[in-house]
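Participant: Starting off with a structure, shown below.
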Amino acid sequence: MPGRDARTGAAGAAPVTRRRGARLDLLTDTVMIAPALVLVALFVIVPIAIAVYLSLTDWDGFTIPPSWVGTRNYQRLVQDPEVLRAAGFTAVIAVVGTLACNALGLGVAVLLNRSTRVNTVMRVLVFSPYVIGPVILGFLWASILGSNGAVNALLTGLGLERLPFLASPAWATVTTVVVIIWASFGVNVVLYLAGLQTIDASLLEAAVIDGAGPWQTFWRVKLPVLAPAVTLNVVLAAIGLLRVYELVLALTAGGPAGATQTSVFAILTTSFSRSQLGYGAAQSVVLMIAIIAMTVVVTQLRRRGEQAVAA
């Protein structure tokens, strides 16, 4: 039966052809992503592995090889008042800053959503602090709010007392948080504006036809559509605020009396000013774990919220 044999042979060859095609696709995909994987390994995985190794040593940056101390650095940092104080201040910046940046970002984005010349100028002004750079902004605000800065010079000229914006621990803490929020929320405005531009006009028109007011339209229509943008903004803001360093360095240099030291500031001070790179590596590993944990928790919470809204 030649015809039957031919059909049987073709049927048997088909799975082989599919397997060969799948292998070729896998090989092609592997070759395409290999450069990216190599870069990730070199600049992410390897540095993390080195940091974890150094955190288990007492390396001072010079001695080769470093002495192995196990988990002693981790035990030390949970009892170090300077590290705990920096972690507490960083947590305040992250929590207050994330809430404020998102609230301000969303509010300003709603106000600037219309395409007008004034709104275009305002968008540029709002985003400009994020573009200028934290070091320049820190020195700028230090010259404005310092003991001999512009504001205190004005107060002195009016016969009033100077205000310790950067000289008192309590004042410096509040001032630093406010300046960081002001310098950071511009990017949230841009991201929320991008999200607002994706809302279908027909949804807004249907809400108006149904008698919904501006507030109801915002809560019932705009905010559910912006759920992915909210998640992105919360995660990016929190990560950025947990890693804040340059602005604090230029504004207060961690003072007065270490009141405005952030975790990154403490890590760099410990590692390079005091030549305790092993101890600094342990702090950086803990900070990395905190950032990863925060990202996972926030993402999962927002995903559940989005699923609840969709249901």
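Letters for chains follow the order of the structure tokens (A, B, ...), residue numbers begin at 1 for each chain, and ligand numbers begin at 1 in the order shown.
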Compile a residue-level contact table for range 154-196 of chain A against range 84-101 of chain A at a cut-off of 12 Å, reporting for every qualifying residue the shortest atom pair and its distance in Å to one decimal, with only C-alpha atoms counted, rows ordered by chain and ascending number, as a tab-separated table.

Facilitator:
```
residue	atom	partner	partner_atom	distance
A:Pro169	CA	A:Phe89	CA	11.6
A:Ala170	CA	A:Phe89	CA	11.5
A:Ala172	CA	A:Phe89	CA	11.5
A:Thr173	CA	A:Phe89	CA	8.2
A:Val174	CA	A:Ile93	CA	9.7
A:Thr175	CA	A:Ile93	CA	11.2
A:Thr176	CA	A:Ile93	CA	8.8
A:Val177	CA	A:Ile93	CA	6.0
A:Val178	CA	A:Gly97	CA	8.3
A:Val179	CA	A:Gly97	CA	10.0
A:Ile180	CA	A:Gly97	CA	7.6
A:Ile181	CA	A:Gly97	CA	5.6
A:Trp182	CA	A:Cys101	CA	8.1
A:Ala183	CA	A:Cys101	CA	9.5
A:Ser184	CA	A:Cys101	CA	6.9
A:Phe185	CA	A:Cys101	CA	4.6
A:Gly186	CA	A:Cys101	CA	8.2
A:Val187	CA	A:Cys101	CA	9.0
A:Asn188	CA	A:Cys101	CA	6.7
A:Val189	CA	A:Cys101	CA	8.6
A:Val190	CA	A:Cys101	CA	11.7
A:Leu191	CA	A:Cys101	CA	11.6
A:Tyr192	CA	A:Cys101	CA	11.2
```

Participant: Leaving out Thr217 in chain A and any residue of its chain fewer than 4 positions from it, which residues lie within 9 Å of it when counting only C-alpha atoms, given as a ChimeraX atom specification?

Facilitator: /A:204,207-208,212-213,221-223

Participant: What separation in Å, quoted to one decimal, exists between CA of Gly157 in chain A and CA of Ser143 in chain A?

Facilitator: 16.7 Å

Participant: Measuring atom to atom with only C-alpha atoms, identify which of A:Leu287, A:Ile48, A:Ile144, A:Ala167 is nearest to Thr260 in chain A.

Facilitator: A:Ala167

Participant: Using only C-alpha atoms, which of the listed residues (A:Val52, A:Ala22, A:Val298, A:Ala34) sits closest to Ser284 in chain A?

Facilitator: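 So, comparing all the options, the nearest one is A:Val52.
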
Participant: Find the residues near Ile50 in chain A: any atom within 12 Å, counting only C-alpha atoms, skip ones fewer than 6 places away on the same chain, and give them as a short mmCIF file (atom, residue, chain, number, x, y, z; two decimals) with C-alpha atoms, in the first residue's frame.

Facilitator:
```cif
data_model
loop_
_atom_site.label_atom_id
_atom_site.label_comp_id
_atom_site.auth_asym_id
_atom_site.auth_seq_id
_atom_site.Cartn_x
_atom_site.Cartn_y
_atom_site.Cartn_z
CA ALA A 41 25.16 39.03 35.17
CA LEU A 42 28.16 41.39 35.00
CA PHE A 43 26.51 44.52 36.35
CA VAL A 44 23.79 43.16 38.64
CA LEU A 56 30.51 38.54 55.79
CA THR A 57 34.03 39.95 56.17
CA TRP A 59 37.33 44.21 54.77
CA LEU A 277 33.59 48.31 53.62
CA GLY A 278 32.52 44.97 55.07
CA ALA A 281 28.30 46.05 52.49
CA ALA A 282 26.14 44.45 55.18
CA SER A 284 23.69 47.77 51.63
CA VAL A 285 22.52 44.13 51.50
#
```

Participant: Can you pull out the residues contacting Arg76 in chain A? Cut-off 10 Å, using only C-alpha atoms, and skip same-chain residues under 5 positions away; I want them as a list in words.

Facilitator: Thr71, Pro81, Val83, Tyr279 and Ala282 of chain A

Participant: Using DSSP on the backbone coordinates, identify the residues of range 36-249 of chain A assigned to helix (DSSP H, G or I); present them as a count of residues only.

Facilitator: 163

Participant: Mind dumping a table of every range 131-199 of chain A residue within 6 Å of range 230-253 of chain A, with the nearest atom pair and its distance in Å to one decimal, using only C-alpha atoms, sorted by chain and rising number, as a tab-separated table?

Facilitator:
```
residue	atom	partner	partner_atom	distance
A:Pro134	CA	A:Leu247	CA	4.6
A:Val135	CA	A:Leu247	CA	5.3
A:Gly138	CA	A:Leu251	CA	4.3
A:Phe139	CA	A:Ala250	CA	5.3
A:Ala142	CA	A:Leu251	CA	5.2
```

Participant: Go ahead and write the residues just picked, N, CA, C and O atoms, as a compact mmCIF listing (two decimals), in the first residue's frame.

Facilitator:
```txt
# COMPACT_ATOMS: atom_id res chain seq x y z
N PRO A 134 19.92 66.56 41.84
CA PRO A 134 19.80 66.75 43.29
C PRO A 134 20.92 67.56 43.92
O PRO A 134 20.69 68.28 44.89
N VAL A 135 22.14 67.44 43.40
CA VAL A 135 23.25 68.18 44.01
C VAL A 135 23.05 69.69 43.83
O VAL A 135 23.19 70.47 44.79
N GLY A 138 20.26 70.80 46.05
CA GLY A 138 20.66 70.84 47.45
C GLY A 138 21.44 72.10 47.78
O GLY A 138 21.16 72.77 48.79
N PHE A 139 22.42 72.45 46.95
CA PHE A 139 23.18 73.68 47.19
C PHE A 139 22.29 74.91 47.06
O PHE A 139 22.45 75.89 47.80
N ALA A 142 20.21 75.15 50.18
CA ALA A 142 21.08 75.49 51.30
C ALA A 142 21.39 76.98 51.32
O ALA A 142 21.46 77.61 52.38
```

Participant: In Å to one decimal, how far is CA of Pro228 in chain A from CA of Val296 in chain A?

Facilitator: 14.7 Å

Participant: Quick check, in Å to one decimal: how far apart do CA of Pro256 in chain A and CA of Ser168 in chain A lie?

Facilitator: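 Distance reported for this atom pair: 6.6 Å.
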
Participant: Restricting the calculation to only C-alpha atoms: of A:Ala257, A:Leu203, A:Ile267, A:Leu193, which residue gets closest to Ser55 in chain A?

Facilitator: A:Ile267

Participant: Need the shell around Arg162 in chain A: protein/DNA/RNA residues with any atom at most 10 Å away, counting only C-alpha atoms. Skip same-chain ones fewer than 6 positions apart. Format as an MDAnalysis selection string?

Facilitator: chainID A and resid 146:149 151:156

Participant: Kindly indicate which residue among A:Val297, A:Ala290, A:Ile136, A:Ala266 lies nearest to Leu77 in chain A, using only C-alpha atoms for the distances.

Facilitator: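 Nearest candidate to Leu77 in chain A out of A:Val297, A:Ala290, A:Ile136, A:Ala266: A:Ala266.
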